[in-house]
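To start, the structure itself, in C-alpha cells.
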Amino acid sequence: AVEDAPGLVSLDVSDNALGRKGVNALSKALTGKPKLEHVYFKNNGLAADAATLITGLLLENPNPAGFKTIQFYNNLLECAGAVEIAPLVKAATGLENFRFSSVRCLQKGGASIIGALASCPNLKYLDISDGYFDEQGGEIFARSLETAKPSKLIHINLNDTALSHKGAAAALLAIVEFTPFVQFLGLASNDLGPAGGHAVAEILKTGRLSELREIKLADNDVGTQAGTSIIDWLTRGYLENMESVDLSGNGIGDAALDALLLAEKRLPALKSINLDGNAFSEAVIESLKEAFGDRLEAMDENDVENERVDSEEDLNSEEEGEKEESSAAGGSAAGEG
C-alpha cells in the first residue's frame, strides 16, 4: 500500500472526488515520505479546507524543500485555498514544475501564490493560467522572477489571467531579463490591447528570447499597428526556433499581409500559425493559405463585411442614444421653465 511505502517518489491522486475527507483518508500517504518529490491534485473537488490539510500534511515530510513537482488543476480552491497552498510553495525551494490553474483564484490568492514563487529558483515549468490576477499580479510576478532568478525556466503559461497591458509589460520585462531561455510563452486572453501588443513587440525587439518556440497571444485585441509590429519583430532573424504562433482574435487586419508573408519566409521551423479572427478579407485569406499551406490553422471567423455592419450599427446606436439624451435634457429644461 502507498501508506506503507516510505520510498514513494511520486503520488498522483488526480480525477478522484476527494474533498477534505478524501485528503484526510490519504494522510498516511502524504506524510513520512522522505523521498516524495512529485504530487498531483488534478480534478479532485478540492476547496480551501482541503488545501489547508494538504499543506499541513506535506510540510510534515522530512524534506519539503525536495518537492520538484506540485500540481493543482481544476479544483475549487479559490483565493482562500491559494493562500493556504502558498506556504507549501514557499517551502519547496527545489520546485521545478508548478501548476496552479483553473482553481477559481482571484487577486488576493494570486498575489500569495505568485509571491511564493520568489523562493523557487529551480523552476523549469510554470502554469498559473486561468485565474484573475490583474495588473498587480503581473507586477508581483516580475518581482518574484527578480528575486528567484529562475534561469532554467522554459515554460511560462500566463494565459487568461487578466494581466492588462501594464501587468503584462511588467511580467515581460522580467521574463526577458531573468528567464532568457524560455521556450513557451502564453499570454492569451489578457486584455493587452494595443499598448500591451506594443510591449510584446518591444520584448521581441531585444532579440534576447532566441530560444522561444511557441508564443500564444490570442484574444487580446492588439489591433493593426501593434499586431503588425509583433509580426515584424518575429521575422528579424532572432527566432529561428519558433514553431508555433497564435495571434488569433486580435483584429490585425489586411495591412499586416506583407509582414505575414515575410514571416513565412523567415521562420524556418514554423509548424503552426493561428491567424483566425483578425478581420482579414477573402483575398488576404487566400494569400495566407497559399503561403502557409497546412501550417495555417482554420480561418473561420474573418467576416469583414459583418464586422463592418456591426461597427456601423454600434455607431448608429451610440448616435441615437446621444439624440435621445439630448431630447430628454431639452424636455426636462422646458418642463422646469
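By convention here, the chains of the C-alpha cells are called A, B, ... in the order presented, each chain's residues are numbered starting at 1, and ligands are numbered starting at 1 in the order presented.
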* Compile the contact shell of Asn24 in chain A as a list in words: residues with an atom at most 10 Å away, counting only C-alpha atoms, same-chain residues fewer than 5 positions apart removed. => Leu18, Gly19, Ala29, Leu30, Ala50, Leu53, Ile54 and Leu57 of chain A
Keeping only N, CA, C and O atoms, write those residues as a PDB file, in the first residue's frame.
ATOM      1  N   LEU A  18     -12.093  13.810  -4.056  1.00  0.00           N
ATOM      2  CA  LEU A  18     -11.538  13.687  -2.713  1.00  0.00           C
ATOM      3  C   LEU A  18     -12.222  14.607  -1.698  1.00  0.00           C
ATOM      4  O   LEU A  18     -12.801  14.156  -0.714  1.00  0.00           O
ATOM      5  N   GLY A  19     -12.134  15.908  -1.932  1.00  0.00           N
ATOM      6  CA  GLY A  19     -12.576  16.834  -0.912  1.00  0.00           C
ATOM      7  C   GLY A  19     -11.706  16.681   0.324  1.00  0.00           C
ATOM      8  O   GLY A  19     -10.704  15.940   0.324  1.00  0.00           O
ATOM      9  N   ALA A  29      -0.442   8.577   3.426  1.00  0.00           N
ATOM     10  CA  ALA A  29       0.273   8.535   2.146  1.00  0.00           C
ATOM     11  C   ALA A  29       1.018   9.843   1.888  1.00  0.00           C
ATOM     12  O   ALA A  29       1.997   9.884   1.136  1.00  0.00           O
ATOM     13  N   LEU A  30       0.564  10.914   2.531  1.00  0.00           N
ATOM     14  CA  LEU A  30       1.148  12.237   2.290  1.00  0.00           C
ATOM     15  C   LEU A  30       2.220  12.615   3.303  1.00  0.00           C
ATOM     16  O   LEU A  30       2.891  13.637   3.141  1.00  0.00           O
ATOM     17  N   ALA A  50      -9.548  21.620   2.243  1.00  0.00           N
ATOM     18  CA  ALA A  50      -8.662  20.535   1.820  1.00  0.00           C
ATOM     19  C   ALA A  50      -7.250  21.052   1.568  1.00  0.00           C
ATOM     20  O   ALA A  50      -6.264  20.372   1.855  1.00  0.00           O
ATOM     21  N   LEU A  53      -5.308  21.229   4.767  1.00  0.00           N
ATOM     22  CA  LEU A  53      -4.882  19.896   5.201  1.00  0.00           C
ATOM     23  C   LEU A  53      -3.707  19.402   4.358  1.00  0.00           C
ATOM     24  O   LEU A  53      -2.727  18.856   4.898  1.00  0.00           O
ATOM     25  N   ILE A  54      -3.768  19.590   3.056  1.00  0.00           N
ATOM     26  CA  ILE A  54      -2.694  19.143   2.167  1.00  0.00           C
ATOM     27  C   ILE A  54      -1.377  19.810   2.528  1.00  0.00           C
ATOM     28  O   ILE A  54      -0.333  19.154   2.644  1.00  0.00           O
ATOM     29  N   LEU A  57      -0.027  18.455   5.868  1.00  0.00           N
ATOM     30  CA  LEU A  57       0.486  17.087   5.769  1.00  0.00           C
ATOM     31  C   LEU A  57       1.816  17.037   5.010  1.00  0.00           C
ATOM     32  O   LEU A  57       2.766  16.382   5.449  1.00  0.00           O
TER      33      LEU A  57
END
* To do: Can you pull out every residue within 10 Å of Asp134 in chain A, counting only C-alpha atoms, but drop anything in the same chain fewer than 6 positions away, and send it as a count of residues only?
  => 14
* If you count only C-alpha atoms, which residues fall within 9 Å of Lys149 in chain A, apart from same-chain ones fewer than 2 positions away, as an MDAnalysis selection string? -> chainID A and resid 118 120:122 144:147 151:152 177:179
Export N, CA and C atoms of the chosen residues as a PDB file, in the first residue's frame?
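Output (out19.pdb):
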ATOM      1  N   ALA A 118       8.915  33.418  -5.478  1.00  0.00           N
ATOM      2  CA  ALA A 118      10.204  34.074  -5.236  1.00  0.00           C
ATOM      3  C   ALA A 118      11.190  33.130  -4.559  1.00  0.00           C
ATOM      4  N   CYS A 120      11.607  29.987  -5.434  1.00  0.00           N
ATOM      5  CA  CYS A 120      11.781  28.826  -6.319  1.00  0.00           C
ATOM      6  C   CYS A 120      12.730  29.116  -7.480  1.00  0.00           C
ATOM      7  N   PRO A 121      14.031  29.107  -7.241  1.00  0.00           N
ATOM      8  CA  PRO A 121      14.995  29.435  -8.291  1.00  0.00           C
ATOM      9  C   PRO A 121      15.208  28.335  -9.325  1.00  0.00           C
ATOM     10  N   ASN A 122      14.694  27.125  -9.044  1.00  0.00           N
ATOM     11  CA  ASN A 122      14.944  25.995  -9.944  1.00  0.00           C
ATOM     12  C   ASN A 122      13.796  25.694 -10.894  1.00  0.00           C
ATOM     13  N   SER A 144       8.911  38.440  -8.233  1.00  0.00           N
ATOM     14  CA  SER A 144       9.283  37.069  -7.876  1.00  0.00           C
ATOM     15  C   SER A 144      10.383  36.543  -8.795  1.00  0.00           C
ATOM     16  N   LEU A 145      10.277  36.843 -10.096  1.00  0.00           N
ATOM     17  CA  LEU A 145      11.329  36.424 -11.021  1.00  0.00           C
ATOM     18  C   LEU A 145      12.647  37.116 -10.690  1.00  0.00           C
ATOM     19  N   GLU A 146      12.563  38.378 -10.332  1.00  0.00           N
ATOM     20  CA  GLU A 146      13.778  39.123  -9.993  1.00  0.00           C
ATOM     21  C   GLU A 146      14.466  38.526  -8.773  1.00  0.00           C
ATOM     22  N   THR A 147      13.663  38.088  -7.805  1.00  0.00           N
ATOM     23  CA  THR A 147      14.226  37.503  -6.580  1.00  0.00           C
ATOM     24  C   THR A 147      14.758  36.095  -6.826  1.00  0.00           C
ATOM     25  N   SER A 151      16.659  30.877 -14.006  1.00  0.00           N
ATOM     26  CA  SER A 151      17.241  30.922 -15.353  1.00  0.00           C
ATOM     27  C   SER A 151      16.950  29.658 -16.172  1.00  0.00           C
ATOM     28  N   LYS A 152      16.498  28.577 -15.502  1.00  0.00           N
ATOM     29  CA  LYS A 152      16.189  27.335 -16.218  1.00  0.00           C
ATOM     30  C   LYS A 152      14.721  27.259 -16.647  1.00  0.00           C
ATOM     31  N   GLU A 177      14.622  39.451 -18.823  1.00  0.00           N
ATOM     32  CA  GLU A 177      15.816  39.688 -18.011  1.00  0.00           C
ATOM     33  C   GLU A 177      16.257  38.443 -17.255  1.00  0.00           C
ATOM     34  N   PHE A 178      15.302  37.676 -16.723  1.00  0.00           N
ATOM     35  CA  PHE A 178      15.658  36.607 -15.796  1.00  0.00           C
ATOM     36  C   PHE A 178      15.367  35.186 -16.302  1.00  0.00           C
ATOM     37  N   THR A 179      14.617  35.061 -17.407  1.00  0.00           N
ATOM     38  CA  THR A 179      14.356  33.728 -17.964  1.00  0.00           C
ATOM     39  C   THR A 179      14.645  33.736 -19.466  1.00  0.00           C
TER      40      THR A 179
END
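Interatomic distance, CA of Lys90 in chain A to CA of Val23 in chain A: 21.1 Å.
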* **9 Å contact set for range 238-242 of chain A, only C-alpha atoms, chain neighbours under 4 positions out, as a PyMOL selection string** => chain A and resi 183+204-215+233-234+266-271
* Asked: Which residues, written as a VMD selection string, have at least one atom at most 7 Å from Pro6 in chain A, with only C-alpha atoms counted and residues fewer than 2 positions away on the same chain left out?
  -> chain A and resid 4 8 32 to 34
Take the residues just selected and output them with C-alpha atoms as a PDB file, in the first residue's frame.
ATOM      1  CA  ASP A   4       3.464   1.774   3.810  1.00  0.00           C
ATOM      2  CA  LEU A   8       7.487   6.737  -2.503  1.00  0.00           C
ATOM      3  CA  GLY A  32       6.509  10.282   6.386  1.00  0.00           C
ATOM      4  CA  LYS A  33       7.803  10.131   2.816  1.00  0.00           C
ATOM      5  CA  PRO A  34      11.377  11.468   2.786  1.00  0.00           C
TER       6      PRO A  34
END
* Write down as a ChimeraX atom specification the residues of range 15-251 of chain A whose backbone DSSP state falls under strand (DSSP E). => /A:38-42,69-73,97-101,125-127,155-157,184-186,214-216,244-246
* To do: Using DSSP on the backbone, list every residue of range 91-239 of chain A that comes out as helix (DSSP H, G or I), and give them as a PyMOL selection string.
  => chain A and resi 91+107-119+134-148+164-178+193-205+223-234
